[in-house]
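Peer 1: Next comes query_24.txt, compact mmCIF, N, CA and C atoms:
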# COMPACT_ATOMS: atom_id res chain seq x y z
N MET L 1 89.26 105.17 94.61
CA MET L 1 87.98 105.24 95.28
C MET L 1 87.66 106.69 95.66
N GLY L 2 88.53 107.37 96.38
CA GLY L 2 88.25 108.72 96.84
C GLY L 2 88.19 109.75 95.73
N GLY L 3 89.29 109.87 94.96
CA GLY L 3 89.36 110.88 93.91
C GLY L 3 88.33 110.67 92.81
N ALA L 4 88.10 109.41 92.45
CA ALA L 4 87.11 109.10 91.41
C ALA L 4 85.70 109.45 91.88
N ALA L 5 85.42 109.22 93.15
CA ALA L 5 84.10 109.55 93.69
C ALA L 5 83.88 111.06 93.68
N VAL L 6 84.91 111.81 93.99
CA VAL L 6 84.81 113.27 93.97
C VAL L 6 84.57 113.75 92.54
N SER L 7 85.30 113.21 91.59
CA SER L 7 85.12 113.60 90.19
C SER L 7 83.70 113.32 89.72
N LYS L 8 83.16 112.18 90.12
CA LYS L 8 81.79 111.82 89.72
C LYS L 8 80.79 112.81 90.31
N LEU L 9 80.98 113.18 91.57
CA LEU L 9 80.08 114.16 92.20
C LEU L 9 80.13 115.50 91.49
N VAL L 10 81.33 115.95 91.19
CA VAL L 10 81.50 117.24 90.49
C VAL L 10 80.85 117.16 89.12
N SER L 11 81.08 116.05 88.42
CA SER L 11 80.52 115.87 87.08
C SER L 11 78.99 115.95 87.10
N GLU L 12 78.38 115.25 88.05
CA GLU L 12 76.92 115.23 88.14
C GLU L 12 76.36 116.58 88.59
N ALA L 13 76.98 117.19 89.58
CA ALA L 13 76.46 118.44 90.14
C ALA L 13 76.61 119.61 89.17
N LYS L 14 77.68 119.63 88.40
CA LYS L 14 77.97 120.76 87.53
C LYS L 14 77.67 120.47 86.06
N GLY L 15 77.27 119.23 85.77
CA GLY L 15 76.98 118.89 84.37
C GLY L 15 78.23 118.90 83.51
N LEU L 16 79.34 118.46 84.07
CA LEU L 16 80.62 118.45 83.35
C LEU L 16 80.99 117.03 82.95
N SER L 17 81.82 116.92 81.93
CA SER L 17 82.39 115.61 81.61
C SER L 17 83.34 115.23 82.75
N GLU L 18 83.70 113.96 82.85
CA GLU L 18 84.62 113.56 83.91
C GLU L 18 85.97 114.24 83.77
N THR L 19 86.39 114.46 82.52
CA THR L 19 87.67 115.16 82.28
C THR L 19 87.59 116.58 82.82
N ASP L 20 86.50 117.28 82.50
CA ASP L 20 86.34 118.65 82.99
C ASP L 20 86.14 118.69 84.50
N ALA L 21 85.50 117.67 85.05
CA ALA L 21 85.33 117.59 86.51
C ALA L 21 86.67 117.44 87.19
N ASN L 22 87.57 116.65 86.60
CA ASN L 22 88.93 116.51 87.15
C ASN L 22 89.67 117.83 87.13
N VAL L 23 89.52 118.57 86.05
CA VAL L 23 90.16 119.89 85.95
C VAL L 23 89.58 120.82 87.01
N PHE L 24 88.26 120.80 87.18
CA PHE L 24 87.61 121.66 88.16
C PHE L 24 88.10 121.37 89.58
N LYS L 25 88.17 120.11 89.95
CA LYS L 25 88.54 119.78 91.34
C LYS L 25 90.00 120.12 91.64
N GLU L 26 90.81 120.34 90.61
CA GLU L 26 92.21 120.75 90.79
C GLU L 26 92.39 122.26 90.66
N GLU L 27 91.28 122.96 90.50
CA GLU L 27 91.30 124.42 90.38
C GLU L 27 91.89 125.05 91.64
N THR L 28 92.70 126.07 91.48
CA THR L 28 93.36 126.70 92.63
C THR L 28 92.86 128.10 92.95
N ARG L 29 91.89 128.60 92.18
CA ARG L 29 91.39 129.95 92.48
C ARG L 29 90.75 129.97 93.87
N PRO L 30 91.14 130.94 94.69
CA PRO L 30 90.64 131.00 96.07
C PRO L 30 89.12 131.00 96.19
N GLU L 31 88.44 131.64 95.26
CA GLU L 31 86.97 131.73 95.36
C GLU L 31 86.27 130.39 95.15
N LEU L 32 86.99 129.39 94.63
CA LEU L 32 86.39 128.07 94.41
C LEU L 32 86.76 127.04 95.48
N GLN L 33 87.68 127.38 96.36
CA GLN L 33 88.21 126.40 97.31
C GLN L 33 87.15 125.83 98.26
N GLU L 34 86.26 126.64 98.76
CA GLU L 34 85.23 126.12 99.66
C GLU L 34 84.28 125.16 98.94
N GLU L 35 83.92 125.50 97.72
CA GLU L 35 83.05 124.61 96.94
C GLU L 35 83.76 123.28 96.67
N ILE L 36 85.03 123.35 96.31
CA ILE L 36 85.79 122.13 96.04
C ILE L 36 85.94 121.31 97.31
N LYS L 37 86.21 121.96 98.45
CA LYS L 37 86.28 121.25 99.73
C LYS L 37 84.99 120.50 100.00
N GLY L 38 83.84 121.13 99.70
CA GLY L 38 82.55 120.47 99.91
C GLY L 38 82.41 119.21 99.08
N PHE L 39 82.82 119.29 97.82
CA PHE L 39 82.78 118.10 96.96
C PHE L 39 83.71 117.02 97.49
N ILE L 40 84.90 117.42 97.92
CA ILE L 40 85.87 116.45 98.43
C ILE L 40 85.32 115.76 99.67
N GLN L 41 84.76 116.54 100.59
CA GLN L 41 84.21 115.93 101.80
C GLN L 41 83.10 114.95 101.47
N LYS L 42 82.17 115.36 100.63
CA LYS L 42 81.06 114.49 100.27
C LYS L 42 81.56 113.23 99.54
N GLY L 43 82.56 113.39 98.69
CA GLY L 43 83.11 112.25 97.95
C GLY L 43 83.89 111.29 98.83
N LEU L 44 84.48 111.81 99.90
CA LEU L 44 85.28 110.96 100.79
C LEU L 44 84.45 110.31 101.89
N GLU L 45 83.22 110.73 102.09
CA GLU L 45 82.39 110.17 103.15
C GLU L 45 82.27 108.64 103.08
N PRO L 46 81.93 108.07 101.92
CA PRO L 46 81.83 106.59 101.87
C PRO L 46 83.17 105.91 102.17
N LEU L 47 84.27 106.49 101.69
CA LEU L 47 85.59 105.93 101.97
C LEU L 47 85.87 106.01 103.47
N ALA L 48 85.60 107.15 104.08
CA ALA L 48 85.84 107.31 105.52
C ALA L 48 85.00 106.32 106.33
N ASP L 49 83.75 106.14 105.94
CA ASP L 49 82.89 105.18 106.65
C ASP L 49 83.45 103.76 106.56
N GLU L 50 83.89 103.37 105.39
CA GLU L 50 84.44 102.02 105.19
C GLU L 50 85.74 101.83 105.97
N VAL L 51 86.61 102.82 105.91
CA VAL L 51 87.88 102.73 106.63
C VAL L 51 87.63 102.69 108.14
N LYS L 52 86.69 103.49 108.61
CA LYS L 52 86.38 103.51 110.04
C LYS L 52 85.88 102.14 110.51
N ARG L 53 84.99 101.52 109.73
CA ARG L 53 84.51 100.17 110.09
C ARG L 53 85.67 99.17 110.11
N SER L 54 86.53 99.26 109.15
CA SER L 54 87.68 98.34 109.09
C SER L 54 88.62 98.56 110.27
N MET L 55 88.84 99.81 110.63
CA MET L 55 89.72 100.10 111.78
C MET L 55 89.10 99.62 113.08
N GLU L 56 87.80 99.81 113.24
CA GLU L 56 87.12 99.34 114.45
C GLU L 56 87.21 97.82 114.56
N TYR L 57 87.02 97.14 113.45
CA TYR L 57 87.13 95.68 113.44
C TYR L 57 88.54 95.26 113.86
N PHE L 58 89.54 95.87 113.23
CA PHE L 58 90.93 95.52 113.54
C PHE L 58 91.25 95.79 115.01
N GLU L 59 90.87 96.96 115.49
CA GLU L 59 91.17 97.32 116.88
C GLU L 59 90.50 96.37 117.87
N ASN L 60 89.27 95.96 117.57
CA ASN L 60 88.57 95.00 118.44
C ASN L 60 89.21 93.62 118.39
N GLU L 61 89.60 93.18 117.21
CA GLU L 61 90.21 91.86 117.06
C GLU L 61 91.60 91.80 117.67
N GLN L 62 92.37 92.84 117.48
CA GLN L 62 93.76 92.84 117.92
C GLN L 62 93.95 93.46 119.31
N GLN L 63 92.90 94.06 119.83
CA GLN L 63 92.99 94.75 121.11
C GLN L 63 94.17 95.73 121.13
N ALA L 64 94.32 96.44 120.01
CA ALA L 64 95.39 97.43 119.87
C ALA L 64 94.87 98.60 119.05
N PRO L 65 95.14 99.80 119.49
CA PRO L 65 94.65 100.96 118.74
C PRO L 65 95.50 101.24 117.49
N ILE L 66 94.85 101.72 116.47
CA ILE L 66 95.54 102.20 115.28
C ILE L 66 95.94 103.64 115.57
N GLN L 67 97.21 103.95 115.36
CA GLN L 67 97.72 105.28 115.69
C GLN L 67 97.53 106.28 114.55
N SER L 68 97.67 105.81 113.31
CA SER L 68 97.61 106.73 112.18
C SER L 68 97.15 105.99 110.92
N VAL L 69 96.78 106.77 109.93
CA VAL L 69 96.34 106.25 108.63
C VAL L 69 97.22 106.89 107.58
N VAL L 70 97.67 106.09 106.62
CA VAL L 70 98.53 106.58 105.55
C VAL L 70 97.67 106.81 104.31
N LEU L 71 97.80 108.00 103.76
CA LEU L 71 97.00 108.43 102.61
C LEU L 71 97.92 108.63 101.42
N SER L 72 97.48 108.20 100.24
CA SER L 72 98.31 108.39 99.05
C SER L 72 97.44 108.70 97.85
N GLY L 73 98.09 109.07 96.77
CA GLY L 73 97.40 109.34 95.52
C GLY L 73 97.08 110.81 95.34
N GLY L 74 96.68 111.15 94.14
CA GLY L 74 96.40 112.53 93.81
C GLY L 74 95.26 113.14 94.59
N GLY L 75 94.25 112.32 94.92
CA GLY L 75 93.11 112.83 95.68
C GLY L 75 93.49 113.31 97.06
N SER L 76 94.60 112.81 97.59
CA SER L 76 95.04 113.22 98.92
C SER L 76 95.52 114.66 98.94
N LEU L 77 95.76 115.23 97.76
CA LEU L 77 96.25 116.60 97.68
C LEU L 77 95.13 117.62 97.64
N GLY L 78 93.89 117.18 97.52
CA GLY L 78 92.76 118.09 97.40
C GLY L 78 92.56 118.93 98.65
N PRO L 79 92.07 120.15 98.47
CA PRO L 79 91.88 121.02 99.63
C PRO L 79 90.91 120.42 100.64
N GLY L 80 91.36 120.31 101.86
CA GLY L 80 90.51 119.81 102.94
C GLY L 80 90.46 118.31 103.08
N ALA L 81 91.11 117.55 102.19
CA ALA L 81 91.03 116.09 102.25
C ALA L 81 91.64 115.55 103.54
N VAL L 82 92.84 115.98 103.85
CA VAL L 82 93.52 115.49 105.06
C VAL L 82 92.76 115.93 106.30
N GLU L 83 92.32 117.18 106.32
CA GLU L 83 91.59 117.70 107.48
C GLU L 83 90.29 116.92 107.70
N TYR L 84 89.56 116.68 106.61
CA TYR L 84 88.30 115.94 106.73
C TYR L 84 88.55 114.53 107.27
N LEU L 85 89.52 113.82 106.69
CA LEU L 85 89.77 112.45 107.12
C LEU L 85 90.32 112.39 108.55
N THR L 86 91.10 113.39 108.94
CA THR L 86 91.58 113.45 110.32
C THR L 86 90.40 113.51 111.29
N THR L 87 89.43 114.34 110.96
CA THR L 87 88.24 114.47 111.80
C THR L 87 87.35 113.24 111.71
N ALA L 88 87.07 112.78 110.49
CA ALA L 88 86.15 111.66 110.30
C ALA L 88 86.67 110.37 110.92
N LEU L 89 87.98 110.16 110.86
CA LEU L 89 88.56 108.92 111.36
C LEU L 89 89.12 109.06 112.77
N ASP L 90 89.24 110.29 113.22
CA ASP L 90 89.81 110.59 114.54
C ASP L 90 91.19 109.95 114.69
N LYS L 91 91.98 110.07 113.63
CA LYS L 91 93.34 109.53 113.61
C LYS L 91 94.27 110.54 112.93
N LYS L 92 95.54 110.40 113.21
CA LYS L 92 96.54 111.20 112.52
C LYS L 92 96.65 110.68 111.08
N ILE L 93 96.65 111.59 110.12
CA ILE L 93 96.75 111.20 108.71
C ILE L 93 98.15 111.55 108.22
N LEU L 94 98.82 110.55 107.67
CA LEU L 94 100.16 110.73 107.12
C LEU L 94 100.12 110.58 105.61
N GLY L 95 100.92 111.34 104.91
CA GLY L 95 101.03 111.21 103.46
C GLY L 95 102.07 110.16 103.11
N TRP L 96 101.85 109.44 102.04
CA TRP L 96 102.80 108.43 101.59
C TRP L 96 103.13 108.68 100.13
N GLU L 97 104.42 108.84 99.85
CA GLU L 97 104.89 109.01 98.48
C GLU L 97 106.03 108.04 98.25
N ALA L 98 105.71 106.93 97.64
CA ALA L 98 106.73 105.91 97.37
C ALA L 98 107.82 106.46 96.46
N ALA L 99 107.49 107.40 95.61
CA ALA L 99 108.45 107.90 94.62
C ALA L 99 109.50 108.83 95.20
N LYS L 100 109.35 109.24 96.45
CA LYS L 100 110.33 110.20 96.96
C LYS L 100 111.71 109.58 97.16
N LYS L 101 111.81 108.27 97.13
CA LYS L 101 113.11 107.61 97.28
C LYS L 101 113.75 107.26 95.94
N ILE L 102 113.10 107.60 94.86
CA ILE L 102 113.61 107.28 93.53
C ILE L 102 114.63 108.33 93.10
N GLU L 103 115.76 107.87 92.61
CA GLU L 103 116.77 108.78 92.07
C GLU L 103 116.31 109.23 90.69
N ILE L 104 116.52 110.50 90.45
CA ILE L 104 116.13 111.06 89.16
C ILE L 104 117.35 111.00 88.24
N ALA L 105 117.16 110.42 87.07
CA ALA L 105 118.26 110.25 86.11
C ALA L 105 118.78 111.60 85.64
N PRO L 106 120.06 111.67 85.36
CA PRO L 106 120.62 112.91 84.81
C PRO L 106 119.89 113.27 83.51
N GLY L 107 119.56 114.51 83.39
CA GLY L 107 118.86 114.97 82.20
C GLY L 107 117.35 114.90 82.31
N ALA L 108 116.84 114.19 83.30
CA ALA L 108 115.38 114.10 83.49
C ALA L 108 114.89 115.40 84.12
N ASP L 109 113.64 115.71 83.91
CA ASP L 109 113.04 116.93 84.44
C ASP L 109 112.67 116.72 85.91
N ALA L 110 113.58 117.06 86.81
CA ALA L 110 113.39 116.84 88.25
C ALA L 110 112.19 117.62 88.77
N LYS L 111 112.00 118.83 88.30
CA LYS L 111 110.87 119.65 88.77
C LYS L 111 109.55 118.98 88.41
N LEU L 112 109.42 118.54 87.18
CA LEU L 112 108.20 117.86 86.74
C LEU L 112 107.98 116.58 87.54
N PHE L 113 109.04 115.81 87.73
CA PHE L 113 108.94 114.57 88.49
C PHE L 113 108.45 114.85 89.92
N ASN L 114 109.08 115.81 90.58
CA ASN L 114 108.73 116.12 91.98
C ASN L 114 107.32 116.67 92.12
N GLU L 115 106.87 117.43 91.15
CA GLU L 115 105.50 117.96 91.20
C GLU L 115 104.46 116.84 91.07
N ASN L 116 104.83 115.74 90.45
CA ASN L 116 103.88 114.66 90.18
C ASN L 116 104.11 113.39 90.98
N ARG L 117 105.01 113.44 91.95
CA ARG L 117 105.32 112.25 92.76
C ARG L 117 104.12 111.55 93.36
N PRO L 118 103.14 112.27 93.91
CA PRO L 118 102.01 111.58 94.54
C PRO L 118 101.21 110.69 93.59
N PHE L 119 101.33 110.95 92.29
CA PHE L 119 100.55 110.20 91.32
C PHE L 119 101.23 108.89 90.91
N PHE L 120 102.45 108.65 91.36
CA PHE L 120 103.21 107.47 90.94
C PHE L 120 103.01 106.25 91.82
N ASN L 121 102.31 106.35 92.92
CA ASN L 121 102.22 105.23 93.86
C ASN L 121 101.65 103.96 93.23
N ILE L 122 100.59 104.09 92.46
CA ILE L 122 99.98 102.90 91.85
C ILE L 122 100.94 102.29 90.83
N ALA L 123 101.54 103.12 90.00
CA ALA L 123 102.47 102.60 88.98
C ALA L 123 103.65 101.90 89.64
N LEU L 124 104.18 102.48 90.71
CA LEU L 124 105.31 101.85 91.41
C LEU L 124 104.90 100.53 92.04
N GLY L 125 103.73 100.50 92.63
CA GLY L 125 103.24 99.26 93.22
C GLY L 125 103.09 98.17 92.20
N LEU L 126 102.55 98.51 91.04
CA LEU L 126 102.38 97.52 89.98
C LEU L 126 103.73 97.07 89.42
N ALA L 127 104.69 97.99 89.33
CA ALA L 127 106.02 97.63 88.83
C ALA L 127 106.72 96.67 89.80
N LEU L 128 106.53 96.89 91.09
CA LEU L 128 107.16 96.02 92.08
C LEU L 128 106.54 94.63 92.11
N ARG L 129 105.31 94.56 91.68
CA ARG L 129 104.54 93.31 91.73
C ARG L 129 105.02 92.30 90.69
N SER L 130 105.50 92.78 89.56
CA SER L 130 105.87 91.84 88.49
C SER L 130 107.33 91.51 88.43
Can you present the structure in this file as structure tokens?
Peer 2:
Amino acid sequence: MGGAAVSKLVSEAKGLSETDANVFKEETRPELQEEIKGFIQKGLEPLADEVKRSMEYFENEQQAPIQSVVLSGGGSLGPGAVEYLTTALDKKILGWEAAKKIEIAPGADAKLFNENRPFFNIALGLALRS
């Protein structure tokens, strides 16, 4: 929901294919960071609104405050994503990486695995499901 919405915004605003929009939003050049943060914030607004409504409902029904929100996936790594959601939701934002408990097989590329851990959450969830 979050990362895909950001890619769509970048694609429409810059006239890029979705593939090129994904590359753009992962750009690390300092001169592009503020622009990318703007896209991320705008793309996360609908998600933040929906999560906020859900949290308010839960807190009212359970008469208990939510202390924190767990964020996962590649979109959570975008510049300003955690900061924006912390402000928008007025909650502590925690990162979740299910893959950090996985043992890496001998001979496997540990560096590559560790660099890409945040992207494995969906695959791990689906693997556990079956």
Peer 1: Return the padded bounding box of segment 102-114 of chain L as AutoDock Vina command-line options: axis-aligned, built from all atoms listed in the file, 3 Å added on each side, with centre and edge lengths in Å to one decimal.
Peer 2:
--center_x 114.0 --center_y 113.5 --center_z 88.5 --size_x 19.3 --size_y 18.4 --size_z 18.7
Peer 1: Excluding segment 14-23 of chain L and its own-chain neighbours fewer than 4 positions away, which residues fall within 12 Å of it when counting only C-alpha atoms? Please give them as a VMD selection string.
Peer 2: chain L and resid 3 to 10 27 to 28 35 to 36 39 to 40 74 to 75 78
Peer 1: Among chain L, which residues does DSSP mark as strand (DSSP E or B) when it is run on the backbone? Keep the chain and numbering as in the structure and answer as a ChimeraX atom specification.
Peer 2: /L:68-71,92-95
Peer 1: With N, CA and C atoms kept, could you save the residues just selected as a PDB file, keeping the file's coordinate frame?
Peer 2:
ATOM      1  N   SER L  68      97.670 105.810 113.310  1.00  0.00           N
ATOM      2  CA  SER L  68      97.610 106.730 112.180  1.00  0.00           C
ATOM      3  C   SER L  68      97.150 105.990 110.920  1.00  0.00           C
ATOM      4  N   VAL L  69      96.780 106.770 109.930  1.00  0.00           N
ATOM      5  CA  VAL L  69      96.340 106.250 108.630  1.00  0.00           C
ATOM      6  C   VAL L  69      97.220 106.890 107.580  1.00  0.00           C
ATOM      7  N   VAL L  70      97.670 106.090 106.620  1.00  0.00           N
ATOM      8  CA  VAL L  70      98.530 106.580 105.550  1.00  0.00           C
ATOM      9  C   VAL L  70      97.670 106.810 104.310  1.00  0.00           C
ATOM     10  N   LEU L  71      97.800 108.000 103.760  1.00  0.00           N
ATOM     11  CA  LEU L  71      97.000 108.430 102.610  1.00  0.00           C
ATOM     12  C   LEU L  71      97.920 108.630 101.420  1.00  0.00           C
ATOM     13  N   LYS L  92      95.540 110.400 113.210  1.00  0.00           N
ATOM     14  CA  LYS L  92      96.540 111.200 112.520  1.00  0.00           C
ATOM     15  C   LYS L  92      96.650 110.680 111.080  1.00  0.00           C
ATOM     16  N   ILE L  93      96.650 111.590 110.120  1.00  0.00           N
ATOM     17  CA  ILE L  93      96.750 111.200 108.710  1.00  0.00           C
ATOM     18  C   ILE L  93      98.150 111.550 108.220  1.00  0.00           C
ATOM     19  N   LEU L  94      98.820 110.550 107.670  1.00  0.00           N
ATOM     20  CA  LEU L  94     100.160 110.730 107.120  1.00  0.00           C
ATOM     21  C   LEU L  94     100.120 110.580 105.610  1.00  0.00           C
ATOM     22  N   GLY L  95     100.920 111.340 104.910  1.00  0.00           N
ATOM     23  CA  GLY L  95     101.030 111.210 103.460  1.00  0.00           C
ATOM     24  C   GLY L  95     102.070 110.160 103.110  1.00  0.00           C
TER      25      GLY L  95
END
Peer 1: Take the point (99.0, 106.6, 113.4) in the file's coordinates, draw a sphere of radius 6.5 Å around it, and report as a ChimeraX atom specification every protein, DNA or RNA residue with an atom inside or on it, counting only N, CA and C atoms.
Peer 2: /L:66-69,91-93
Peer 1: Which residue, L:Phe24, L:Leu128, L:Asn60, L:Ala48, has the smallest gap to Tyr84 of chain L when you use only N, CA and C atoms?
Peer 2: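 Among the listed residues, the smallest separation from Tyr84 of chain L belongs to L:Ala48.
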Peer 1: Can you work out the spacing between atom CA of Gly43 of chain L and atom CA of Glu31 of chain L in Å, to one decimal?
Peer 2: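 Going from atom CA of Gly43 of chain L over to atom CA of Glu31 of chain L covers 20.0 Å.
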Peer 1: Under the rule that all atoms listed in the file are counted, which of L:Ala13, L:Leu71, L:Val51, L:Ala108 is the nearest residue to Leu89 of chain L?
Peer 2: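 Nearest candidate to Leu89 of chain L out of L:Ala13, L:Leu71, L:Val51, L:Ala108: L:Val51.
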Peer 1: For atom C of Gln33 of chain L and atom N of Gly80 of chain L, determine how far apart the two atoms are, in Å to one decimal place.
Peer 2: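 Separating atom C of Gln33 of chain L from atom N of Gly80 of chain L is a distance of 7.8 Å.
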Peer 1: Taking the chain letters and numbering used in this document, name the residues of segment 52-113 of chain L that DSSP puts in helix (DSSP H, G or I), as a ChimeraX atom specification.
Peer 2: /L:52-62,74-77,81-89,98-101,110-113
Peer 1: Restricting the calculation to all atoms listed in the file, which member of L:Glu97, L:Glu12, L:Glu56, L:Glu50 is positioned closest to Arg117 of chain L?
Peer 2: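 Comparing L:Glu97, L:Glu12, L:Glu56, L:Glu50 against Arg117 of chain L, the winner is L:Glu97.
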Peer 1: Please report the interatomic distance between atom CA of Val70 of chain L and atom CA of Gly38 of chain L in Å with one decimal.
Peer 2: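 One can read the atom CA of Val70 of chain L to atom CA of Gly38 of chain L distance as 21.9 Å.
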Peer 1: Would you please work out which residue, of L:Gly73, L:Gly95, L:Pro106, L:Pro79, is nearest to Ile122 of chain L when using only N, CA and C atoms?
Peer 2: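 Of L:Gly73, L:Gly95, L:Pro106, L:Pro79, the one nearest Ile122 of chain L, counting only N, CA and C atoms, is L:Gly73.
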Peer 1: My list of candidates is L:Glu34, L:Lys42, L:Ser130, L:Lys101. Which is closest to Leu85 of chain L when distances are computed with only C-alpha atoms?
Peer 2: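 Checking each candidate against Leu85 of chain L, we get L:Lys42 as the closest.
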